[in-house]
$ cat structure22.tsv   # TSV, C-alpha atoms
chain	number	residue	atom	x	y	z
A	1500	MET	CA	51.44	-29.47	12.98
A	1501	ASP	CA	54.51	-31.14	14.43
A	1502	PRO	CA	56.95	-28.35	15.44
A	1503	HIS	CA	59.83	-30.79	15.24
A	1504	LYS	CA	59.56	-31.13	11.45
A	1505	PHE	CA	60.95	-28.76	8.80
A	1506	HIS	CA	57.80	-27.06	7.65
A	1507	GLY	CA	56.11	-23.71	8.09
A	1508	LYS	CA	55.90	-20.41	6.26
A	1509	ASP	CA	58.95	-19.21	4.39
A	1510	ILE	CA	60.76	-16.27	5.95
A	1511	PRO	CA	60.52	-13.48	3.36
A	1512	HIS	CA	63.27	-11.08	2.41
A	1513	ILE	CA	61.44	-8.14	3.95
A	1514	LYS	CA	60.96	-4.93	2.00
A	1515	LEU	CA	59.53	-1.75	3.45
A	1516	ASP	CA	57.50	0.75	1.47
A	1517	PRO	CA	56.73	4.37	2.43
A	1518	LYS	CA	53.05	3.72	1.66
A	1519	MET	CA	52.76	0.79	4.09
A	1520	THR	CA	49.91	0.79	6.62
A	1521	ILE	CA	49.89	-0.48	10.19
A	1522	GLU	CA	48.36	-3.70	8.85
A	1523	ASP	CA	51.28	-4.08	6.47
A	1524	LEU	CA	53.73	-3.49	9.31
A	1525	VAL	CA	52.03	-6.08	11.53
A	1526	ASN	CA	52.21	-8.56	8.66
A	1527	VAL	CA	55.94	-7.84	8.41
A	1528	PHE	CA	56.32	-8.58	12.10
A	1529	ALA	CA	54.21	-11.75	11.87
A	1530	SER	CA	56.26	-13.08	8.94
A	1531	SER	CA	59.59	-12.61	10.72
A	1532	GLY	CA	60.95	-14.21	13.89
A	1533	PHE	CA	61.68	-13.68	17.58
A	1534	ASN	CA	59.57	-11.08	19.40
A	1535	GLY	CA	58.74	-9.29	16.16
A	1536	ARG	CA	56.85	-12.41	15.12
A	1537	GLN	CA	55.22	-12.68	18.55
A	1538	LEU	CA	54.07	-9.08	18.35
A	1539	GLY	CA	52.57	-9.62	14.89
A	1540	GLU	CA	50.78	-12.78	15.97
A	1541	ALA	CA	49.56	-11.09	19.16
A	1542	ALA	CA	47.98	-8.29	17.12
A	1543	LYS	CA	46.19	-10.85	14.97
A	1544	LEU	CA	45.03	-12.75	18.07
A	1545	TYR	CA	43.61	-9.54	19.51
A	1546	ALA	CA	41.68	-9.06	16.26
A	1547	LYS	CA	40.41	-12.64	16.52
A	1548	MET	CA	39.17	-12.01	20.06
A	1549	ILE	CA	37.22	-9.01	18.78
A	1550	LYS	CA	35.80	-10.89	15.77
A	1551	GLU	CA	34.59	-13.73	17.99
A	1552	ASN	CA	32.92	-11.23	20.31
A	1553	ALA	CA	34.97	-12.49	23.24
A	1554	THR	CA	34.62	-10.67	26.53
A	1555	ILE	CA	37.95	-8.84	26.71
A	1556	CYS	CA	39.71	-7.82	29.91
A	1557	LEU	CA	42.57	-5.33	29.78
A	1558	THR	CA	45.06	-5.51	32.64
A	1559	VAL	CA	47.42	-2.58	33.13
A	1560	SER	CA	50.51	-2.62	35.34
A	1561	GLY	CA	53.35	-0.15	35.50
A	1562	ALA	CA	53.03	3.57	34.90
A	1563	MET	CA	51.08	3.56	31.65
A	1564	THR	CA	48.80	6.56	32.27
A	1565	PRO	CA	51.54	9.08	33.18
A	1566	VAL	CA	52.89	8.63	29.63
A	1567	GLY	CA	49.46	9.41	28.17
A	1568	PHE	CA	48.38	5.91	27.21
A	1569	GLY	CA	45.03	6.34	28.95
A	1570	GLY	CA	43.98	7.93	25.68
A	1571	ILE	CA	44.59	4.65	23.86
A	1572	ILE	CA	42.56	2.76	26.46
A	1573	LYS	CA	39.76	5.32	26.09
A	1574	THR	CA	39.61	4.75	22.32
A	1575	LEU	CA	39.53	0.96	22.72
A	1576	ILE	CA	36.62	1.30	25.17
A	1577	GLU	CA	34.73	3.54	22.73
A	1578	ARG	CA	35.17	0.97	19.95
A	1579	GLY	CA	33.97	-1.87	22.18
A	1580	PHE	CA	37.38	-3.59	22.17
A	1581	VAL	CA	37.76	-3.56	25.97
A	1582	ASP	CA	34.90	-4.80	28.16
A	1583	TRP	CA	36.43	-4.64	31.63
A	1584	ILE	CA	39.69	-3.49	33.17
A	1585	ILE	CA	41.95	-4.43	36.06
A	1586	THR	CA	44.70	-1.96	36.88
A	1587	THR	CA	46.69	-0.41	39.69
A	1588	GLY	CA	45.48	2.48	41.80
A	1589	ALA	CA	48.42	4.52	40.52
A	1590	ASN	CA	47.20	4.31	36.91
A	1591	VAL	CA	43.72	5.50	37.92
A	1592	TYR	CA	45.13	8.30	40.09
A	1593	HIS	CA	47.53	9.63	37.45
A	1594	GLU	CA	44.95	9.34	34.66
A	1595	ASP	CA	42.77	11.83	36.51
A	1596	HIS	CA	45.48	14.53	36.19
A	1597	PHE	CA	44.65	14.88	32.50
A	1598	ALA	CA	40.92	15.27	33.15
A	1599	TRP	CA	41.44	18.12	35.61
A	1600	GLY	CA	44.20	19.79	33.63
A	1601	PHE	CA	46.99	19.23	36.14
A	1602	PRO	CA	50.46	19.43	34.51
A	1603	VAL	CA	52.40	16.33	33.45
A	1604	LYS	CA	55.49	16.91	31.30
A	1605	GLN	CA	58.35	15.14	29.58
A	1606	GLY	CA	61.52	15.38	31.66
A	1607	SER	CA	64.77	13.44	31.86
A	1608	PHE	CA	65.95	10.22	33.45
A	1609	ASP	CA	69.56	11.45	33.57
A	1610	VAL	CA	69.08	13.93	36.38
A	1611	ASP	CA	69.99	14.84	39.96
A	1612	ASP	CA	66.93	13.87	41.99
A	1613	MET	CA	68.11	15.94	44.94
A	1614	LYS	CA	67.69	19.03	42.77
A	1615	LEU	CA	64.33	17.82	41.49
A	1616	TYR	CA	63.17	17.48	45.08
A	1617	GLU	CA	64.27	21.02	45.80
A	1618	ASN	CA	62.36	22.19	42.73
A	1619	GLU	CA	59.22	20.32	43.88
A	1620	ILE	CA	59.24	17.97	40.89
A	1621	VAL	CA	58.31	14.30	41.17
A	1622	ARG	CA	59.85	11.93	38.63
A	1623	ILE	CA	58.56	8.74	37.02
A	1624	ARG	CA	61.51	7.69	34.84
A	1625	ASP	CA	61.55	10.59	32.34
A	1626	VAL	CA	58.11	12.01	33.16
A	1627	TYR	CA	57.84	15.02	35.50
A	1628	ILE	CA	54.89	15.81	37.77
A	1629	LYS	CA	54.64	18.93	39.91
A	1630	PHE	CA	54.35	18.25	43.64
A	1631	TYR	CA	51.83	20.98	44.47
A	1632	GLU	CA	50.21	21.88	41.14
A	1633	THR	CA	49.60	18.24	40.24
A	1634	LEU	CA	49.86	15.82	43.16
A	1635	GLU	CA	48.45	18.04	45.90
A	1636	ALA	CA	45.79	19.37	43.54
A	1637	GLU	CA	44.78	15.80	42.65
A	1638	ASP	CA	44.76	14.85	46.33
A	1639	LYS	CA	42.26	17.59	47.08
A	1640	VAL	CA	40.04	16.37	44.23
A	1641	ILE	CA	40.09	12.77	45.48
A	1642	GLN	CA	39.48	13.79	49.08
A	1643	LYS	CA	36.45	15.86	48.08
A	1644	MET	CA	35.11	13.11	45.81
A	1645	PHE	CA	34.97	10.52	48.57
A	1646	GLU	CA	34.44	12.61	51.69
A	1647	ASP	CA	30.85	11.41	52.06
A	1648	GLU	CA	30.85	8.35	49.79
A	1649	PHE	CA	31.17	4.64	50.67
A	1650	THR	CA	31.32	5.28	54.41
A	1651	ASP	CA	28.03	3.56	55.21
A	1652	LYS	CA	28.34	0.20	53.45
A	1653	PRO	CA	30.88	-2.15	51.84
A	1654	PHE	CA	31.95	-1.25	48.31
A	1655	THR	CA	34.02	-2.68	45.47
A	1656	THR	CA	36.77	-0.92	43.54
A	1657	ALA	CA	34.53	-1.10	40.45
A	1658	GLU	CA	31.99	1.01	42.32
A	1659	PHE	CA	34.77	3.34	43.46
A	1660	CYS	CA	36.04	3.88	39.90
A	1661	ASN	CA	32.52	4.21	38.50
A	1662	LEU	CA	31.77	7.08	40.87
A	1663	MET	CA	35.15	8.64	40.17
A	1664	GLY	CA	34.39	8.50	36.44
A	1665	LYS	CA	30.97	10.05	36.98
A	1666	ILE	CA	32.34	12.97	38.98
A	1667	SER	CA	35.25	13.55	36.59
A	1668	LYS	CA	32.85	13.53	33.65
A	1669	GLU	CA	30.51	16.04	35.26
A	1670	LYS	CA	32.98	18.40	36.94
A	1671	SER	CA	36.47	18.15	35.45
A	1672	LYS	CA	37.84	20.54	32.82
A	1673	HIS	CA	38.68	17.85	30.27
A	1674	PRO	CA	36.53	14.71	30.85
A	1675	GLU	CA	37.39	13.63	27.31
A	1676	LYS	CA	40.95	13.04	28.55
A	1677	SER	CA	40.00	10.31	31.02
A	1678	PHE	CA	39.48	6.62	30.29
A	1679	ILE	CA	37.85	6.41	33.74
A	1680	ALA	CA	35.15	8.87	32.62
A	1681	THR	CA	34.75	6.93	29.37
A	1682	ALA	CA	34.48	3.66	31.32
A	1683	TYR	CA	31.65	5.26	33.28
A	1684	ASP	CA	29.93	6.27	30.01
A	1685	TYR	CA	30.22	2.77	28.54
A	1686	ASP	CA	29.58	0.83	31.77
A	1687	VAL	CA	33.02	-0.77	31.69
A	1688	PRO	CA	33.94	-2.06	35.17
A	1689	VAL	CA	37.36	-0.86	36.32
A	1690	TYR	CA	38.83	-2.84	39.19
A	1691	ILE	CA	41.86	-1.77	41.19
A	1692	SER	CA	43.79	-4.86	42.16
A	1693	THR	CA	45.82	-3.17	44.90
A	1694	MET	CA	43.68	-0.36	46.26
A	1695	LYS	CA	45.63	0.31	49.44
A	1696	ASP	CA	48.92	0.47	47.54
A	1697	SER	CA	48.12	3.79	45.89
A	1698	SER	CA	47.46	7.47	46.46
A	1699	LEU	CA	43.74	6.79	46.06
A	1700	ALA	CA	43.72	4.94	49.37
A	1701	LEU	CA	46.18	7.38	50.97
A	1702	ASN	CA	43.69	10.17	50.38
A	1703	LEU	CA	41.01	8.31	52.32
A	1704	ALA	CA	43.25	8.52	55.39
A	1705	VAL	CA	42.21	12.12	56.13
A	1706	HIS	CA	38.60	10.97	56.40
A	1707	ARG	CA	39.43	7.82	58.37
A	1708	LEU	CA	41.13	9.98	60.99
A	1709	GLN	CA	37.73	11.64	61.40
A	1710	ASP	CA	36.24	8.21	62.19
A	1711	LYS	CA	34.80	7.56	58.72
A	1712	THR	CA	35.17	3.87	57.91
A	1713	TYR	CA	35.76	2.45	54.44
A	1714	SER	CA	35.01	-1.24	54.00
A	1715	LEU	CA	36.30	-2.67	50.74
A	1716	ASP	CA	34.40	-5.85	49.84
A	1717	PHE	CA	37.33	-7.49	48.07
A	1718	VAL	CA	35.74	-10.94	48.16
A	1719	ARG	CA	32.64	-9.75	46.34
A	1720	GLU	CA	34.73	-8.23	43.60
A	1721	ILE	CA	36.75	-11.39	42.97
A	1722	ILE	CA	33.44	-13.25	42.68
A	1723	GLU	CA	32.18	-10.59	40.25
A	1724	GLN	CA	35.30	-11.04	38.16
A	1725	ALA	CA	34.81	-14.81	38.07
A	1726	ALA	CA	31.14	-14.26	37.23
A	1727	ILE	CA	32.19	-12.23	34.16
A	1728	LEU	CA	34.24	-15.20	32.94
A	1729	TYR	CA	31.45	-17.63	33.84
A	1730	ASP	CA	28.88	-15.63	31.89
A	1731	SER	CA	31.08	-15.31	28.77
A	1732	LYS	CA	30.87	-17.66	25.80
A	1733	LYS	CA	34.42	-16.63	24.89
A	1734	SER	CA	36.80	-14.76	27.15
A	1735	GLY	CA	40.24	-13.24	26.75
A	1736	ILE	CA	42.79	-11.00	28.45
A	1737	LEU	CA	45.22	-8.44	27.06
A	1738	GLU	CA	47.91	-8.02	29.71
A	1739	LEU	CA	50.16	-4.98	29.77
A	1740	GLY	CA	52.92	-6.02	32.13
A	1741	GLY	CA	52.35	-8.52	34.91
A	1742	GLY	CA	51.99	-7.97	38.61
A	1743	VAL	CA	48.78	-8.18	40.58
A	1744	PRO	CA	46.46	-7.07	37.73
A	1745	LYS	CA	47.66	-10.04	35.65
A	1746	ASN	CA	46.99	-12.54	38.41
A	1747	THR	CA	43.68	-10.97	39.39
A	1748	ALA	CA	42.35	-11.55	35.89
A	1749	GLN	CA	43.84	-15.04	35.56
A	1750	GLN	CA	42.71	-16.30	38.97
A	1751	THR	CA	39.10	-16.24	37.77
A	1752	GLY	CA	39.65	-19.76	36.38
A	1753	PRO	CA	40.96	-21.28	39.64
A	1754	LEU	CA	38.17	-19.60	41.62
A	1755	LEU	CA	35.54	-21.21	39.42
A	1756	ASP	CA	37.17	-24.64	39.16
A	1757	GLN	CA	39.38	-25.17	42.20
A	1758	ILE	CA	37.29	-23.33	44.80
A	1759	LEU	CA	33.72	-23.43	43.46
A	1760	ARG	CA	34.22	-26.96	42.10
A	1761	ARG	CA	33.31	-26.33	38.50
A	1762	ASP	CA	35.09	-27.48	35.34
A	1763	ASP	CA	35.07	-24.41	33.10
A	1764	GLY	CA	38.79	-24.33	32.29
A	1765	GLY	CA	39.77	-20.67	32.45
A	1766	GLN	CA	40.33	-18.07	29.72
A	1767	ASP	CA	40.10	-18.88	26.01
A	1768	TYR	CA	42.74	-16.34	25.02
A	1769	ILE	CA	45.54	-14.43	26.72
A	1770	ILE	CA	48.04	-11.99	25.25
A	1771	GLN	CA	50.87	-11.02	27.57
A	1772	ILE	CA	53.29	-8.16	26.97
A	1773	THR	CA	56.09	-8.31	29.52
A	1774	ASP	CA	59.77	-7.69	30.03
A	1775	ALA	CA	59.95	-9.94	33.11
A	1776	ARG	CA	61.94	-13.18	33.09
A	1777	PRO	CA	60.15	-16.48	33.78
A	1778	ASP	CA	63.10	-18.18	35.50
A	1779	THR	CA	62.92	-16.07	38.68
A	1780	GLY	CA	59.59	-17.62	39.67
A	1781	GLY	CA	57.77	-14.29	39.78
A	1782	LEU	CA	54.21	-13.98	38.56
A	1783	SER	CA	55.02	-11.11	36.19
A	1784	GLY	CA	57.29	-13.35	34.15
A	1785	ALA	CA	55.37	-16.59	34.57
A	1786	THR	CA	54.58	-18.14	31.20
A	1787	LEU	CA	51.00	-18.50	30.07
A	1788	GLN	CA	51.67	-22.20	29.58
A	1789	GLU	CA	52.41	-22.47	33.30
A	1790	GLY	CA	49.01	-20.91	33.91
A	1791	LYS	CA	47.39	-23.98	32.33
A	1792	SER	CA	48.58	-26.09	35.25
A	1793	TRP	CA	46.47	-23.83	37.49
A	1794	GLY	CA	43.45	-23.87	35.20
A	1795	LYS	CA	43.88	-20.21	34.29
A	1796	VAL	CA	43.71	-20.82	30.54
A	1797	GLN	CA	41.86	-23.36	28.42
A	1798	ASP	CA	44.75	-24.59	26.27
A	1799	ALA	CA	48.51	-24.53	26.81
A	1800	HIS	CA	49.18	-24.75	23.07
A	1801	HIS	CA	46.65	-22.45	21.41
A	1802	GLY	CA	45.22	-18.99	21.99
A	1803	ILE	CA	48.09	-17.71	24.13
A	1804	ILE	CA	50.95	-15.44	23.07
A	1805	THR	CA	53.68	-13.76	25.10
A	1806	VAL	CA	55.54	-10.79	23.66
A	1807	TYR	CA	58.78	-9.95	25.46
A	1808	ALA	CA	58.80	-6.23	24.87
A	1809	ASP	CA	58.26	-2.83	26.44
A	1810	ALA	CA	54.49	-2.30	26.62
A	1811	THR	CA	54.92	1.37	25.72
A	1812	ILE	CA	56.18	0.17	22.33
A	1813	ALA	CA	54.02	-2.89	21.72
A	1814	PHE	CA	50.64	-1.71	23.03
A	1815	PRO	CA	50.11	1.16	20.54
A	1816	ILE	CA	50.92	-1.21	17.66
A	1817	LEU	CA	48.36	-3.78	18.83
A	1818	ALA	CA	45.77	-1.08	19.45
A	1819	LEU	CA	46.23	0.69	16.13
A	1820	TYR	CA	46.12	-2.61	14.27
A	1821	VAL	CA	42.68	-3.57	15.57
A	1822	LEU	CA	41.40	0.01	15.29
A	1823	SER	CA	42.37	-0.04	11.61
A	1824	ASN	CA	40.69	-3.30	10.63
A	1825	GLN	CA	37.98	-4.21	13.13
A	1826	LYS	CA	34.45	-2.86	13.14
A	1827	THR	CA	33.16	-1.14	16.25
A	1828	ARG	CA	31.45	-3.60	18.60
A	1829	LYS	CA	28.31	-2.94	20.57
A	1830	PRO	CA	29.39	-2.26	24.19
A	1831	LYS	CA	28.65	-5.15	26.55
A	1832	ARG	CA	27.97	-2.73	29.44
A	1833	LEU	CA	29.08	-5.26	32.04
A	1834	TYR	CA	28.97	-2.86	34.97
A	1835	LYS	CA	25.17	-2.78	34.94
A	1836	LYS	CA	25.06	-6.57	34.66
A	1837	LEU	CA	27.37	-7.40	37.57
A	1838	ASP	CA	24.57	-8.08	40.06
A	1839	LYS	CA	22.79	-10.48	37.69
A	1840	MET	CA	26.02	-12.30	36.79
A	1841	TYR	CA	26.90	-12.59	40.48
A	1842	GLU	CA	23.46	-14.00	41.24
A	1843	LYS	CA	23.67	-16.48	38.36
A	1844	LEU	CA	27.02	-17.82	39.57
A	1845	SER	CA	25.72	-18.03	43.13
A	1846	ASN	CA	22.59	-19.93	42.11
A	1847	ASP	CA	24.53	-22.39	39.98
A	1848	TYR	CA	27.04	-22.91	42.78
A	1849	PHE	CA	24.31	-24.06	45.19
A	1850	LYS	CA	22.77	-26.37	42.59
A	1851	ASN	CA	25.79	-28.61	43.10
A	1852	PRO	CA	24.77	-31.27	45.68
A	1853	VAL	CA	28.14	-31.03	47.44
A	1854	ASN	CA	27.72	-27.28	47.92
A	1855	LYS	CA	24.15	-27.74	49.13
A	1856	LYS	CA	25.51	-29.92	51.92
A	1857	ARG	CA	28.06	-27.26	52.83
A	1858	SER	CA	25.29	-24.68	53.10
A	1859	LYS	CA	23.08	-26.92	55.29
A	1860	LYS	CA	25.95	-27.59	57.71
A	1861	LYS	CA	26.41	-23.84	58.24
A	1862	ASN	CA	22.72	-23.38	58.90
$ encode --input "structure22.tsv" --output "structure tokens"
Amino acid sequence: MDPHKFHGKDIPHIKLDPKMTIEDLVNVFASSGFNGRQLGEAAKLYAKMIKENATICLTVSGAMTPVGFGGIIKTLIERGFVDWIITTGANVYHEDHFAWGFPVKQGSFDVDDMKLYENEIVRIRDVYIKFYETLEAEDKVIQKMFEDEFTDKPFTTAEFCNLMGKISKEKSKHPEKSFIATAYDYDVPVYISTMKDSSLALNLAVHRLQDKTYSLDFVREIIEQAAILYDSKKSGILELGGGVPKNTAQQTGPLLDQILRRDDGGQDYIIQITDARPDTGGLSGATLQEGKSWGKVQDAHHGIITVYADATIAFPILALYVLSNQKTRKPKRLYKKLDKMYEKLSNDYFKNPVNKKRSKKKN
């Protein structure tokens, strides 16, 4: 359809009804304009990804777990609507507060932070966390979890989160309040795109000072992530915010095509929810169309939608929409398949005559 011609769906004179469902509301959005329309179409695209049994990656930037949204992620995992996750260390760290029953409360953004400091309260916008009862308590949990783990061999952040989920499930007060524990149950790999930039890594410092070495195999995990895309018939990403998680998921295409010399073409679908501007040149605001020039997405015209909105508003709408109209999918249990997918990608890489020559030169 030529977008330069006067055709398309009529804009309705919208009427709201007290009996409307979330599906009705999404249809209202989709029939309107601007970011309301983008949000409606994004919800429908998410449903399409689920219907087509696409392998779905959820990327999470910003402070989404301190506001309780880990519970939404947990539900999507249980329904089979999220197959693997890339997030920040902060989101994993703060999610664990809920599992162990450490206090997180609503506060205020219009406040004197000098007084908060004196009262031993840490602030994330309008969310309050207690310095000792929450942060220090969580630090002790993390330190104990990993005191004798991963000090003898390289590990990935997926392995790190899997063990964290296992321990939280078995020993925390409220394991049902942790999407990390649920990811462990459903074998959903959870990667931390910036491990050292979080309290998770800070808590390993006390063990490193006792000469315990932690060797993060970051190269293996980016190959694993590419192998997930390579093994998928259809693949999509739901991006909450931008940042490093967004790029980590999208760079799977360039790794396969640009570096490993394939021609797979990147993701089939990407939904991006962001409030970042594209004109500053930052990755968080970079358009999905721009990603096509890098081979991050299959098509610059179809299967990609950007919603310029606050993710704390848009994400629950998308999630509730698919929860209301999509049947539960059988979990793909990718975590247990990572070794096989890695091996498959490796074997196919060396089948390429050019890559065989590279290998012989090294030997």
$ closest_atom_pairs --input "structure22.tsv" --of "stretch 1792-1846 of chain A" --to "stretch 1710-1733 of chain A" --cutoff "10 Å" --atoms "all atoms listed in the file" --output "CSV"
residue,atom,partner,partner_atom,distance
A:Leu1833,CA,A:Ile1727,CA,7.9
A:Tyr1834,CA,A:Glu1723,CA,9.9
A:Lys1836,CA,A:Ile1727,CA,9.1
A:Leu1837,CA,A:Glu1723,CA,6.4
A:Asp1838,CA,A:Glu1723,CA,8.0
A:Lys1839,CA,A:Ala1726,CA,9.2
A:Met1840,CA,A:Ala1726,CA,5.5
A:Tyr1841,CA,A:Ala1726,CA,5.6
A:Glu1842,CA,A:Ala1726,CA,8.7
A:Lys1843,CA,A:Ala1726,CA,7.9
A:Leu1844,CA,A:Ala1726,CA,5.9
A:Ser1845,CA,A:Ala1726,CA,8.9
$ residues_around --input "structure22.tsv" --residues "A:Lys1791" --least-positions-apart "4" --cutoff "12 Å" --atoms "all atoms listed in the file" --output "PyMOL selection string"
chain A and resi 1749-1750+1752-1753+1764-1769+1785-1787+1795-1803
$ closest_residue --input "structure22.tsv" --among "A:Leu1817, A:Leu1634, A:Ile1620, A:Ala1598" --to "A:Glu1669" --atoms "all atoms listed in the file"
A:Ala1598
$ residues_around --input "structure22.tsv" --residues "A:Lys1508" --least-positions-apart "2" --cutoff "10 Å" --atoms "all atoms listed in the file" --output "PyMOL selection string"
chain A and resi 1506+1510-1511+1530-1531
$ write_last_selection --input "structure22.tsv" --atoms "C-alpha atoms" --output "PDB file, in the frame of the given file"
ATOM      1  CA  HIS A1506      57.800 -27.060   7.650  1.00  0.00           C
ATOM      2  CA  ILE A1510      60.760 -16.270   5.950  1.00  0.00           C
ATOM      3  CA  PRO A1511      60.520 -13.480   3.360  1.00  0.00           C
ATOM      4  CA  SER A1530      56.260 -13.080   8.940  1.00  0.00           C
ATOM      5  CA  SER A1531      59.590 -12.610  10.720  1.00  0.00           C
TER       6      SER A1531
END
$ closest_residue --input "structure22.tsv" --among "A:Ser1692, A:Asn1846, A:Ser1792, A:Ser1667" --to "A:Val1559" --atoms "all atoms listed in the file"
A:Ser1692
$ residues_near_point --input "structure22.tsv" --point "(41.4, -2.2, 40.8)" --cutoff "7 Å" --atoms "all atoms listed in the file" --output "list of chain:residue names"
A:Ile1585, A:Thr1586, A:Thr1587, A:Gly1588, A:Thr1656, A:Ala1657, A:Val1689, A:Tyr1690, A:Ile1691, A:Ser1692, A:Thr1693, A:Met1694
$ write_last_selection --input "structure22.tsv" --atoms "C-alpha atoms" --output "CSV table (one decimal), in the coordinates of the input"
chain,number,residue,atom,x,y,z
A,1585,ILE,CA,42.0,-4.4,36.1
A,1586,THR,CA,44.7,-2.0,36.9
A,1587,THR,CA,46.7,-0.4,39.7
A,1588,GLY,CA,45.5,2.5,41.8
A,1656,THR,CA,36.8,-0.9,43.5
A,1657,ALA,CA,34.5,-1.1,40.4
A,1689,VAL,CA,37.4,-0.9,36.3
A,1690,TYR,CA,38.8,-2.8,39.2
A,1691,ILE,CA,41.9,-1.8,41.2
A,1692,SER,CA,43.8,-4.9,42.2
A,1693,THR,CA,45.8,-3.2,44.9
A,1694,MET,CA,43.7,-0.4,46.3
$ closest_residue --input "structure22.tsv" --among "A:Phe1580, A:Ser1677, A:Met1644, A:Ala1636" --to "A:Lys1550" --atoms "all atoms listed in the file"
A:Phe1580
$ atom_distance --input "structure22.tsv" --atom1 "atom CA of A:Val1603" --atom2 "atom CA of A:Gly1741"
24.9 Å
$ residues_around --input "structure22.tsv" --residues "A:Ala1682" --least-positions-apart "2" --cutoff "10 Å" --atoms "only C-alpha atoms" --output "VMD selection string"
chain A and resid 1572 to 1573 1576 to 1577 1581 to 1584 1660 to 1661 1664 to 1665 1677 to 1680 1684 to 1689 1832 1834
$ closest_residue --input "structure22.tsv" --among "A:Asp1609, A:Asp1595, A:Glu1617, A:Asp1809" --to "A:Val1640" --atoms "all atoms listed in the file"
A:Asp1595
$ decode --input "structure22.tsv" --residues "stretch 1612-1641 of chain A" --atoms "C-alpha atoms" --output "PDB file, in the first residue's frame"
ATOM      1  CA  ASP A1612      17.483  13.946  49.605  1.00  0.00           C
ATOM      2  CA  MET A1613      19.790  15.197  52.340  1.00  0.00           C
ATOM      3  CA  LYS A1614      17.079  14.285  54.851  1.00  0.00           C
ATOM      4  CA  LEU A1615      16.464  10.946  53.150  1.00  0.00           C
ATOM      5  CA  TYR A1616      20.156  10.166  53.508  1.00  0.00           C
ATOM      6  CA  GLU A1617      19.997  10.989  57.197  1.00  0.00           C
ATOM      7  CA  ASN A1618      16.982   8.692  57.526  1.00  0.00           C
ATOM      8  CA  GLU A1619      18.833   5.867  55.727  1.00  0.00           C
ATOM      9  CA  ILE A1620      16.420   5.835  52.795  1.00  0.00           C
ATOM     10  CA  VAL A1621      17.555   5.281  49.216  1.00  0.00           C
ATOM     11  CA  ARG A1622      15.408   6.796  46.473  1.00  0.00           C
ATOM     12  CA  ILE A1623      14.647   5.670  42.923  1.00  0.00           C
ATOM     13  CA  ARG A1624      12.421   8.496  41.645  1.00  0.00           C
ATOM     14  CA  ASP A1625       9.377   8.027  43.935  1.00  0.00           C
ATOM     15  CA  VAL A1626      10.264   4.557  45.244  1.00  0.00           C
ATOM     16  CA  TYR A1627      11.948   4.218  48.655  1.00  0.00           C
ATOM     17  CA  ILE A1628      14.319   1.432  49.706  1.00  0.00           C
ATOM     18  CA  LYS A1629      15.776   1.086  53.188  1.00  0.00           C
ATOM     19  CA  PHE A1630      19.572   1.213  53.309  1.00  0.00           C
ATOM     20  CA  TYR A1631      20.093  -1.462  55.964  1.00  0.00           C
ATOM     21  CA  GLU A1632      16.853  -3.468  56.003  1.00  0.00           C
ATOM     22  CA  THR A1633      16.802  -3.811  52.214  1.00  0.00           C
ATOM     23  CA  LEU A1634      20.114  -3.052  50.512  1.00  0.00           C
ATOM     24  CA  GLU A1635      22.469  -4.406  53.165  1.00  0.00           C
ATOM     25  CA  ALA A1636      20.197  -7.387  53.756  1.00  0.00           C
ATOM     26  CA  GLU A1637      20.186  -8.134  50.009  1.00  0.00           C
ATOM     27  CA  ASP A1638      23.961  -7.715  49.878  1.00  0.00           C
ATOM     28  CA  LYS A1639      24.395 -10.389  52.530  1.00  0.00           C
ATOM     29  CA  VAL A1640      22.133 -12.739  50.558  1.00  0.00           C
ATOM     30  CA  ILE A1641      24.084 -12.224  47.327  1.00  0.00           C
TER      31      ILE A1641
END
